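**Student:** Just passing along the structure, written as C-alpha cells.
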Amino acid sequence: MFVLETNRLTRHFGGIKAIEDVSFKAKDRSIVSIIGPNGAGKTTLFNCFTGITKPTKGSIRFMNKEISGLQPHEIANLGISRTFQNIRLFSEMSVIENVMVGQHTKRKYNLFSAIFHNNNFLIQEQNILQNAFEYLEFIGLQNFADMRADNLPYGSQRRLEIARALATEPDIILLDEPTAGMNPAETEEVMSLIKNIQELGKTIILIEHDMHLVMGISDWIIVLDHGVKIAEGKPEQVRNDPLVIEAYLGKETIN
Amino acid sequence: MIKDIIEKIRALTKKSIIFRSSLIAAWAAILFLPFKDIKTAVMMFLSVLIGLSAIFFVRKSNFYQTFLEEFHPDFPHRFRKPALIALLIAFFVSPFILADYYLDVLIISGIYIILALGLNVIVGFAGLLNLGFAAFYAIGAYTYALLNTKLGLGFWACLPLSALSASFAGLLLAIPALRLRGDYLAIVTLGFGEIVRLTLNNWDSLTNGPNGITGIASPSLMNLSLGRLEYFYYIVFAFVLLTLAIIRRVESSRIGRAWIAIKENEIAASSIGINITKYKLYAFTFGTFWAGIAGTLFASKMQFVSPESFTFIESVFILSMVILGGLGNTYGTVLGAFILALLPEVLRGVQLYRMLILGLGLVLLMIFRPQGLLGGGKSVRIRN
C-alpha cells in the first residue's frame with residue numbers, strides 16, 4: 001500500500017521551475033530518500049507536502065486523500081509531520097515543552113477545562129507529559145527535559161526536532177537533512193534512530209546528502225536534479241545509474 | 001600634570017564606589033542647577049548618590065543574582081510560597097493601615113495590573129505587538145458607563161457585558177489585522193486606538209464628547225454600596241487575583257503553549273498542527289477581555305469617563321509595564337505594572353522631573369536588562 005503519492009507535481013516560482021512533473025509513490029512503513037544536488041528542489045518538495053507552499057500543478061495524495069491546497073496545520077492533523085533543514089525549535093521553551101506542544105492536536109481540551117482544571121484537563125495534561133517523556137527517552141534526551149531548548153548542543157537540537165515531530169503521532173515523518181553538520185558518530189546515532197522510527201510503523205521520507213546513510217537505510221531512493229526526477233529505485237540501482245552519476249559528478253568527456 | 005590628575009581620578013573611580021557615585025551625582029546636580037534652586041540640586045545630589053551606591057554595592061555583592069535565583073518564578077518554590085503568602089496578607093490588611101490616598105494608588109495600580117496582564121497575553125505570549133490597547137480599555141469603560149447611565153444596569157450585570165464587548169472589538173480588529181505581522185500590525189492597532197478615541201470624542205449624542213460621562217454608579221451588593229474605598233480595594237484585589245490565576249492556568253495549558261510556539265516560529269507551529277489564525281484570534285479576544293474588566297473597574301471607581309483617559313500614551317504606558325516586567329512573564333508583568341503605576345506617585349515630590357526620571361529609568365533598564373526585570377529565564381509552563 002502507498003501512503004503518499006504525487007502525480008506530476010509542479011511548482012514554479014516566477015520563471016524558475018523548482019519542481020517539474022515529479023511523480024512518485026512512497027510505500028507504507030518504508031524509508032524513502034530524496035537526493036540530488038543543491039537547488040534540485042528537494043526542500044520545495046517537502047514544503048509542498050506540508051502545505052507551506054502550494055503546488056502550481058499536480059496532485060499529492062495522502063492515504064488516497066488529496067492534500068494539495070490544504071493548510072499546513074490541516075496536513076499536520078492528517079498525519080504528516082516534518083523537521084526543518086535550518087532548525088526551528090521553540091527556543092524559549094524547555095526541551096520537554098517542545099515535545100509537549102507537539103501533542104497539541106492529539107490531546108485536546110478547551111479553554112474552560114484549562115481554567116477550571118477539570119477532569120478532562122487533568123487526564124489530558126497527564127497524558128501529554130507522560131508521552132512527551134516517552135518521546136524524549138526515545139531520542140535519548142530525557143535527562144535534559146528542563147533545559148532551555150536553545151542551550152542543547154546542535155546534534156541534540158536536531159534530535160529534539162524529530163521528537164517534536166513524532167509527538168504529533170504522524171503516519172509519515174519528513175526529515176530534512178537530519179544529519180547536516182553532524183560528525184560520523186552522531187550520524188550513526190541518527191541512522192539507528194531512523195530505523196527505530198520505522199519500527200514504530202511510520203513511513204520516513206528524508207532529504208539527505210550523506211550517501212553512506214542514504215545507501216545504508218533507504219528502501220527506495222528518488223533522485224532529483226533541477227526540479228526533475230531523473231531516477232528512482234533501490235539503492236543499488238540508483239548507485240549505478242549513469243544519469244545520477246552525471247548529475248553528481250558531471251559528464252565524462254572523451255575526446 | 002593635568003594628565004596625572006585625570007589618571008588618578010580615573011583610578012579612584014574604578015576603586016571606590018562612593019567616589020564613582022558622588023561623581024555622577026555631582027554631575028546630575030549641576031545639570032539640575034539651572035532649572036531649580038541650590039536646595040533641589042543638593043537633594044538631587046544626595047538621592048542620586050545614595051541610589052547609585054546602593055546599586056553598585058548590590059551589584060558587587062552579587063546580591064541581585066542570588067535574589068533572582070531565589071525568587072525567580074522558575075526557581076523551585078522554596079521561597080516563593082512563603083513570600084507570596086506574606087504579600088497576600090500584606091495586601092489584605094493594608095486597608096486597615098493605609099490612608100485613603102495610598103489605597104487609591106493601590107486601586108489604580110491594581111487596575112493597571114489587570115490591563116498589563118491582558119496585554120501580556122497578546123504581546124508576551126502570542127507575540128502580536130499591540131499599540132492600541134487603551135482602545136479596549138475604553139470600550140470596557142464606556143460600555144459600563146453607557147449601560148449604567150442610560151439603561152440603569154448595575155455593575156455586576158455590566159461587568160461580563162463590557163468584558164465581552166471589549167473582547168468582541170478585539171475579535172473584529174484581529175480578523176483583518178492578523179494578515180499582518182510585526183510593525184504593520186503595530187501600526188494598525190495604533191490606528192484602531194485612535195479611531196476609538198476619536199469616535200468617543202466626537203459622538204456627542206451618545207458619549208457626550210470630550211466632556212465625558214458623569215454619574216456612573218459604584219458597584220453594590222444587595223443594596224449595599226461598595227463605593228467606599230476599602231470595599232472597592234477588595235473588589236479590585238479580588239479581580240487581580242482572579243485574572244492572575246486564570247491567566248496562569250491558561251498559560252500552562254496547551255493553549256498557552258500554542259501561543260508561545262506561534263511567537264517563536266510560525267512555520268514550525270503550523271507544521272505540528274497548530275492553527276495559527278485561530279490561536280492568534282484566541283489571544284486577541286482573551287487578552288482584550290481583561291481590558292474590558294479593567295475598564296469597568298476604572299469607570300466605576302472614577303464614576304466618570306472621558307476620552308482623555310484612553311490616549312495613545314496610555315497604550316504605550318501599559319506596554320511599558322509589560323516590557324519592564326519581562327515580556328511573556330506573568331509575574332514580571334504584575335511587578336512591572338505595579339512599579340510603573342506606583343512610580344509617578346512616589347516621585348510626586350520632584351513633580352516636574354518625574355516623567356524625566358521615569359523615562360531615564362526605562363532607558364537604563366533597556367540597556368542593562370533588555371529582557372525586563374523577570375524576563376528571559378527559562379519559562380516553566382508545566383503544571384506541578
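Following the order of the C-alpha cells, chains are lettered A, B, ..., residues in each are numbered from 1, and ligands are numbered from 1.
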Do me a favour and pick out the residues of chain B within 7 Å of chain A, using only C-alpha atoms, as an NGL selection string.
**Tutor:** :B and (246 or 249-250 or 253-254 or 257-258 or 261 or 264-265 or 268 or 270-275 or 378-379)
**Student:** Separation of atom CA of Arg179 of chain B and atom CA of Cys48 of chain A, in Å?
**Tutor:**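 Atom-to-atom, atom CA of Arg179 of chain B to atom CA of Cys48 of chain A, that is 21.2 Å.
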**Student:** So that I can see what lies close to Ser165 of chain B, please list as JSON, numbers by chain the residues with an atom at most 9 Å from it, counting only C-alpha atoms and leaving out residues fewer than 6 positions away in the same chain.
**Tutor:** {"B": [136, 139, 140, 143, 289, 292]}
**Student:** I'd like the neighbourhood of segment 294-296 of chain B as a PyMOL selection string, where a residue qualifies if any of its atoms comes within 6 Å (using only C-alpha atoms), though same-chain residues fewer than 6 positions away should be ignored.
**Tutor:** chain B and resi 111+137+140-141+144
**Student:** Taking the DSSP assignment computed from this structure's backbone, write out as a count of residues only all residues of segment 7-207 of chain A that belong to strand (DSSP E or B).
**Tutor:** 47
**Student:** I need the residues in segment 327-357 of chain B that are alpha helix (DSSP H) according to DSSP; give them as a PyMOL selection string.
**Tutor:** chain B and resi 330-346+354-357
**Student:** Near Ile19 of chain A, within 7 Å and counting only C-alpha atoms, which residues show up once chain neighbours fewer than 5 positions away are dropped, as a ChimeraX atom specification?
**Tutor:** /A:10-12,41,227-228
**Student:** Dump all heavy atoms for the selected residues as a PDB file, in the first residue's frame?
**Tutor:**
ATOM      1  N   THR A  10       4.135  19.946  -9.753  1.00  0.00           N
ATOM      2  CA  THR A  10       4.912  21.030 -10.347  1.00  0.00           C
ATOM      3  C   THR A  10       4.820  22.249  -9.459  1.00  0.00           C
ATOM      4  O   THR A  10       3.752  22.570  -8.947  1.00  0.00           O
ATOM      5  CB  THR A  10       4.351  21.394 -11.730  1.00  0.00           C
ATOM      6  OG1 THR A  10       4.389  20.220 -12.543  1.00  0.00           O
ATOM      7  CG2 THR A  10       5.151  22.494 -12.390  1.00  0.00           C
ATOM      8  N   ARG A  11       5.941  22.898  -9.249  1.00  0.00           N
ATOM      9  CA  ARG A  11       5.911  24.168  -8.526  1.00  0.00           C
ATOM     10  C   ARG A  11       6.855  25.148  -9.222  1.00  0.00           C
ATOM     11  O   ARG A  11       8.045  24.867  -9.357  1.00  0.00           O
ATOM     12  CB  ARG A  11       6.323  23.971  -7.065  1.00  0.00           C
ATOM     13  CG  ARG A  11       6.579  25.254  -6.296  1.00  0.00           C
ATOM     14  CD  ARG A  11       5.299  25.982  -5.944  1.00  0.00           C
ATOM     15  NE  ARG A  11       5.518  27.420  -6.037  1.00  0.00           N
ATOM     16  CZ  ARG A  11       4.744  28.326  -5.446  1.00  0.00           C
ATOM     17  NH1 ARG A  11       3.704  27.952  -4.723  1.00  0.00           N
ATOM     18  NH2 ARG A  11       4.997  29.595  -5.579  1.00  0.00           N
ATOM     19  N   HIS A  12       6.308  26.259  -9.677  1.00  0.00           N
ATOM     20  CA  HIS A  12       7.134  27.306 -10.294  1.00  0.00           C
ATOM     21  C   HIS A  12       7.209  28.500  -9.371  1.00  0.00           C
ATOM     22  O   HIS A  12       6.233  28.858  -8.722  1.00  0.00           O
ATOM     23  CB  HIS A  12       6.526  27.753 -11.627  1.00  0.00           C
ATOM     24  CG  HIS A  12       6.521  26.668 -12.660  1.00  0.00           C
ATOM     25  ND1 HIS A  12       5.881  26.802 -13.861  1.00  0.00           N
ATOM     26  CD2 HIS A  12       7.083  25.431 -12.669  1.00  0.00           C
ATOM     27  CE1 HIS A  12       6.027  25.682 -14.574  1.00  0.00           C
ATOM     28  NE2 HIS A  12       6.753  24.833 -13.854  1.00  0.00           N
ATOM     29  N   GLY A  41      15.450  21.075  -5.731  1.00  0.00           N
ATOM     30  CA  GLY A  41      14.012  21.169  -5.449  1.00  0.00           C
ATOM     31  C   GLY A  41      13.548  20.242  -4.347  1.00  0.00           C
ATOM     32  O   GLY A  41      12.348  20.046  -4.171  1.00  0.00           O
ATOM     33  N   GLY A 227      14.874  20.121 -10.406  1.00  0.00           N
ATOM     34  CA  GLY A 227      13.428  20.015 -10.274  1.00  0.00           C
ATOM     35  C   GLY A 227      12.801  18.832 -10.965  1.00  0.00           C
ATOM     36  O   GLY A 227      11.586  18.643 -10.903  1.00  0.00           O
ATOM     37  N   VAL A 228      13.612  18.024 -11.653  1.00  0.00           N
ATOM     38  CA  VAL A 228      13.063  16.885 -12.392  1.00  0.00           C
ATOM     39  C   VAL A 228      13.552  15.591 -11.759  1.00  0.00           C
ATOM     40  O   VAL A 228      14.704  15.493 -11.340  1.00  0.00           O
ATOM     41  CB  VAL A 228      13.508  16.940 -13.873  1.00  0.00           C
ATOM     42  CG1 VAL A 228      12.888  15.799 -14.663  1.00  0.00           C
ATOM     43  CG2 VAL A 228      13.136  18.285 -14.473  1.00  0.00           C
TER      44      VAL A 228
END
**Student:** Quick one: pull the distance between atom CA of Ile97 of chain B and atom CA of Ser109 of chain B, Å, one decimal.
**Tutor:** 17.8 Å
